Amino acid sequence: MFTIREYVKVSSLEEAYELNQKKANVVFGGGVWLRLGRKNIQTAIDLSGLGLDEITEDEKEFSVGCMVSLRQLETHKGIDAYTKGAVKESLCHIVGVQMRNCATVGGSIYGRFGFSDILCCLLGLDCDVELYKQGRMPLADFAKMKKDNDILVRVIIKKTPLETVYLSQRNTETDFPVVSCAVTKDAEGYYAVIGARPCQPVVVRDSEGILAKAEVTAEDLAAFASKVQNGMDFADNTRCSGAYRRHVAGVLVKRGLKQLMGGDK
């Protein structure tokens with residue numbers, strides 16, 4: 001558990017940013033992951049009064065405020081239609097509805113957790129993030145950055161023409177994934193994102209054109225899956241071994257490709 005000495009519901013992002021420059025202060029999302037550790041917090045910074053708990057849509061993108069809950073994102077009809085259920089699939093297995101009503105998109109993305117289903121899924125889409133000081137940047141670049149004291153304002157899901165599927169392997173239905181996987185086809189070809197290695201997600205693109213054929217065979221699927229397996233490290237933890245993760249990653253990649261291609265190979 002954590003202790004809080006002072007609570008501030010900020011009236012502006014500038015106020016939040018200034019408070020967040022002190023190491024002992026913490027920006028609160030839903031507080032879900034904070035409660036799992038032990039931390040003495042000088043000032044809890046609450047962004048809930050800044051109107052950042054909404055999802056807006058225009059012709060080019062969805063704008064997801066940092067205080068949007070995972071449940072709001074899961075049930076948004078526009079995002080569900082655009083991603084053909086991929087975002088919903090990445091969220092619906094996370095513990096339970098009560099928790100998803102508490103956990104926020106900002107907290108989930110800003111933490112860059114290796115086990116994060118939604119981070120892995122969004123890396124399979126064309127997404128940006130908006131930071132208060134550093135401005136807008138690709139999510140893939142943000143995910144590689146070291147954590148600092150900036151404020152994550154929103155996540156932007158661009159309506160780029162692409163198809164994606166999300167899959168995961170769990171020891172039990174509501175547990176963290178032991179492997180997460182997004183497989184995507186865009187204008188440049190196919191790529192896969194593997195998370196819960198248990199480290200941060202890694203993107204592997206079909207740069208050799210293994211799948212850029214009129215007729216893709218089972219051998220081609222296996223070749224790309226092998227490329228993904230060999231393109232990153234997999235580690236052991238209490239949930240499973242790295243060797244198991246590597247094997248499952250290959251299986252999920254092939255399943256995802258089959259779904260995108262519309263049939264068995």
# chains A, B, ... in the order shown; residues from 1 in each chain; ligands from 1
>>> select_by_dssp(residues="segment 67-261 of chain A", states="strand (DSSP E)", output="PyMOL selection string")
chain A and resi 127-131+135-138+152-158+163-170+177-186+189-195+202-205
>>> write_last_selection(atoms="N, CA and C atoms", output="short mmCIF file (atom, residue, chain, number, x, y, z; two decimals), in the first residue's frame")
data_model
loop_
_atom_site.label_atom_id
_atom_site.label_comp_id
_atom_site.auth_asym_id
_atom_site.auth_seq_id
_atom_site.Cartn_x
_atom_site.Cartn_y
_atom_site.Cartn_z
N CYS A 127 -0.42 5.06 -33.72
CA CYS A 127 -0.80 5.89 -32.58
C CYS A 127 0.29 6.90 -32.23
N ASP A 128 -0.15 8.04 -31.73
CA ASP A 128 0.72 9.04 -31.14
C ASP A 128 0.33 9.24 -29.69
N VAL A 129 1.21 9.89 -28.94
CA VAL A 129 0.86 10.39 -27.61
C VAL A 129 1.13 11.89 -27.60
N GLU A 130 0.41 12.58 -26.74
CA GLU A 130 0.66 14.00 -26.53
C GLU A 130 1.13 14.22 -25.11
N LEU A 131 2.32 14.77 -24.96
CA LEU A 131 2.87 15.12 -23.66
C LEU A 131 2.74 16.63 -23.46
N GLY A 135 5.13 17.67 -26.31
CA GLY A 135 4.22 17.68 -27.44
C GLY A 135 3.90 16.30 -27.97
N ARG A 136 3.53 16.25 -29.24
CA ARG A 136 3.05 15.01 -29.86
C ARG A 136 4.20 14.23 -30.46
N MET A 137 4.16 12.92 -30.29
CA MET A 137 5.19 12.03 -30.83
C MET A 137 4.61 10.65 -31.04
N PRO A 138 5.23 9.82 -31.90
CA PRO A 138 4.74 8.45 -32.09
C PRO A 138 4.79 7.65 -30.79
N LEU A 152 1.53 12.96 -19.44
CA LEU A 152 0.86 12.38 -20.60
C LEU A 152 -0.57 12.91 -20.65
N VAL A 153 -0.89 13.64 -21.71
CA VAL A 153 -2.20 14.31 -21.81
C VAL A 153 -3.22 13.42 -22.50
N ARG A 154 -2.84 12.82 -23.63
CA ARG A 154 -3.78 11.98 -24.37
C ARG A 154 -3.03 11.01 -25.27
N VAL A 155 -3.77 9.99 -25.71
CA VAL A 155 -3.31 9.04 -26.72
C VAL A 155 -4.15 9.26 -27.96
N ILE A 156 -3.50 9.32 -29.11
CA ILE A 156 -4.20 9.55 -30.38
C ILE A 156 -4.12 8.30 -31.24
N ILE A 157 -5.26 7.74 -31.59
CA ILE A 157 -5.34 6.59 -32.49
C ILE A 157 -5.71 7.11 -33.87
N LYS A 158 -4.76 7.10 -34.78
CA LYS A 158 -5.01 7.63 -36.12
C LYS A 158 -5.78 6.61 -36.96
N GLU A 163 -5.22 -3.31 -40.93
CA GLU A 163 -5.96 -4.37 -40.25
C GLU A 163 -5.08 -4.94 -39.16
N THR A 164 -5.65 -5.18 -38.00
CA THR A 164 -4.86 -5.73 -36.90
C THR A 164 -5.69 -6.72 -36.10
N VAL A 165 -5.01 -7.67 -35.49
CA VAL A 165 -5.65 -8.60 -34.55
C VAL A 165 -4.79 -8.64 -33.29
N TYR A 166 -5.44 -8.92 -32.19
CA TYR A 166 -4.72 -9.01 -30.91
C TYR A 166 -4.98 -10.37 -30.28
N LEU A 167 -3.93 -11.01 -29.80
CA LEU A 167 -4.04 -12.31 -29.14
C LEU A 167 -3.15 -12.30 -27.90
N SER A 168 -3.47 -13.16 -26.96
CA SER A 168 -2.64 -13.29 -25.77
C SER A 168 -2.77 -14.70 -25.21
N GLN A 169 -1.77 -15.09 -24.46
CA GLN A 169 -1.80 -16.37 -23.74
C GLN A 169 -1.71 -16.06 -22.25
N ARG A 170 -2.64 -16.63 -21.48
CA ARG A 170 -2.68 -16.41 -20.04
C ARG A 170 -2.75 -17.75 -19.33
N PRO A 177 -0.93 -11.42 -19.00
CA PRO A 177 -0.52 -12.32 -20.09
C PRO A 177 0.90 -12.82 -19.88
N VAL A 178 1.15 -14.06 -20.30
CA VAL A 178 2.53 -14.55 -20.32
C VAL A 178 3.17 -14.21 -21.66
N VAL A 179 2.35 -14.00 -22.68
CA VAL A 179 2.77 -13.44 -23.97
C VAL A 179 1.59 -12.66 -24.54
N SER A 180 1.86 -11.48 -25.06
CA SER A 180 0.83 -10.74 -25.78
C SER A 180 1.32 -10.49 -27.20
N CYS A 181 0.38 -10.36 -28.14
CA CYS A 181 0.77 -10.30 -29.55
C CYS A 181 -0.25 -9.51 -30.35
N ALA A 182 0.24 -8.53 -31.10
CA ALA A 182 -0.58 -7.82 -32.09
C ALA A 182 0.05 -8.08 -33.46
N VAL A 183 -0.75 -8.46 -34.42
CA VAL A 183 -0.27 -8.68 -35.79
C VAL A 183 -1.05 -7.74 -36.69
N THR A 184 -0.32 -7.01 -37.53
CA THR A 184 -0.92 -5.94 -38.31
C THR A 184 -0.48 -6.00 -39.77
N LYS A 185 -1.40 -5.63 -40.66
CA LYS A 185 -1.07 -5.42 -42.06
C LYS A 185 -1.42 -3.97 -42.40
N ASP A 186 -0.41 -3.22 -42.86
CA ASP A 186 -0.64 -1.84 -43.30
C ASP A 186 -0.15 -1.68 -44.73
N GLY A 189 3.13 -3.52 -45.47
CA GLY A 189 3.22 -4.96 -45.29
C GLY A 189 2.80 -5.38 -43.89
N TYR A 190 3.33 -6.50 -43.45
CA TYR A 190 2.96 -7.07 -42.15
C TYR A 190 4.01 -6.75 -41.08
N TYR A 191 3.53 -6.67 -39.84
CA TYR A 191 4.45 -6.62 -38.70
C TYR A 191 3.76 -7.20 -37.48
N ALA A 192 4.59 -7.60 -36.52
CA ALA A 192 4.08 -8.19 -35.28
C ALA A 192 4.66 -7.44 -34.09
N VAL A 193 3.87 -7.34 -33.05
CA VAL A 193 4.31 -6.74 -31.79
C VAL A 193 4.18 -7.80 -30.71
N ILE A 194 5.26 -8.07 -30.00
CA ILE A 194 5.25 -9.07 -28.94
C ILE A 194 5.53 -8.40 -27.61
N GLY A 195 4.60 -8.56 -26.66
CA GLY A 195 4.76 -8.01 -25.32
C GLY A 195 4.76 -9.10 -24.28
N VAL A 202 8.12 -5.42 -28.35
CA VAL A 202 9.07 -5.22 -29.46
C VAL A 202 8.31 -5.39 -30.77
N VAL A 203 8.59 -4.51 -31.73
CA VAL A 203 7.95 -4.55 -33.05
C VAL A 203 8.91 -5.20 -34.04
N VAL A 204 8.42 -6.19 -34.79
CA VAL A 204 9.22 -6.85 -35.83
C VAL A 204 8.44 -6.76 -37.14
N ARG A 205 9.03 -6.09 -38.13
CA ARG A 205 8.37 -5.90 -39.42
C ARG A 205 8.90 -6.90 -40.45
#
>>> atom_distance(atom1="atom CA of Lys9 of chain A", atom2="atom CA of Ile118 of chain A")
26.7 Å
>>> select_by_dssp(residues="segment 103-209 of chain A", states="alpha helix (DSSP H)", output="PyMOL selection string")
chain A and resi 105-110+117-123+139-144
>>> closest_residue(among="A:Met67, A:Ala103, A:Ala24, A:Val248", to="Phe234 of chain A", atoms="only C-alpha atoms")
A:Val248
>>> residues_around(residues="Ala235 of chain A", least_positions_apart="4", cutoff="8 Å", atoms="only C-alpha atoms", output="short mmCIF file (atom, residue, chain, number, x, y, z; two decimals) with N, CA and C atoms, in the first residue's frame")
data_model
loop_
_atom_site.label_atom_id
_atom_site.label_comp_id
_atom_site.auth_asym_id
_atom_site.auth_seq_id
_atom_site.Cartn_x
_atom_site.Cartn_y
_atom_site.Cartn_z
N ARG A 197 7.22 -10.22 -22.47
CA ARG A 197 8.33 -11.14 -22.74
C ARG A 197 9.12 -11.58 -21.51
N PRO A 198 9.08 -11.05 -20.32
CA PRO A 198 8.09 -10.13 -19.76
C PRO A 198 8.48 -8.66 -19.88
N CYS A 199 9.41 -8.33 -20.74
CA CYS A 199 9.86 -6.95 -20.90
C CYS A 199 8.92 -6.18 -21.84
N SER A 241 8.63 -19.82 -18.29
CA SER A 241 10.02 -19.69 -18.73
C SER A 241 10.11 -18.88 -20.02
N GLY A 242 11.30 -18.38 -20.29
CA GLY A 242 11.54 -17.68 -21.53
C GLY A 242 11.37 -18.59 -22.74
N ALA A 243 11.76 -19.85 -22.60
CA ALA A 243 11.63 -20.80 -23.70
C ALA A 243 10.16 -21.02 -24.05
N ARG A 245 7.74 -18.83 -23.52
CA ARG A 245 7.29 -17.58 -24.15
C ARG A 245 7.69 -17.54 -25.63
#
>>> residues_around(residues="Ala44 of chain A", least_positions_apart="3", cutoff="9 Å", atoms="only C-alpha atoms", output="PyMOL selection string")
chain A and resi 4-9+25-28+41
>>> closest_residue(among="A:His93, A:Lys159, A:Lys84, A:Lys22", to="Glu57 of chain A", atoms="only C-alpha atoms")
A:Lys159
>>> residues_around(residues="Leu221 of chain A", least_positions_apart="3", cutoff="9 Å", atoms="only C-alpha atoms", output="PyMOL selection string")
chain A and resi 210-211+216-218+224-226+253-254+257-258+265
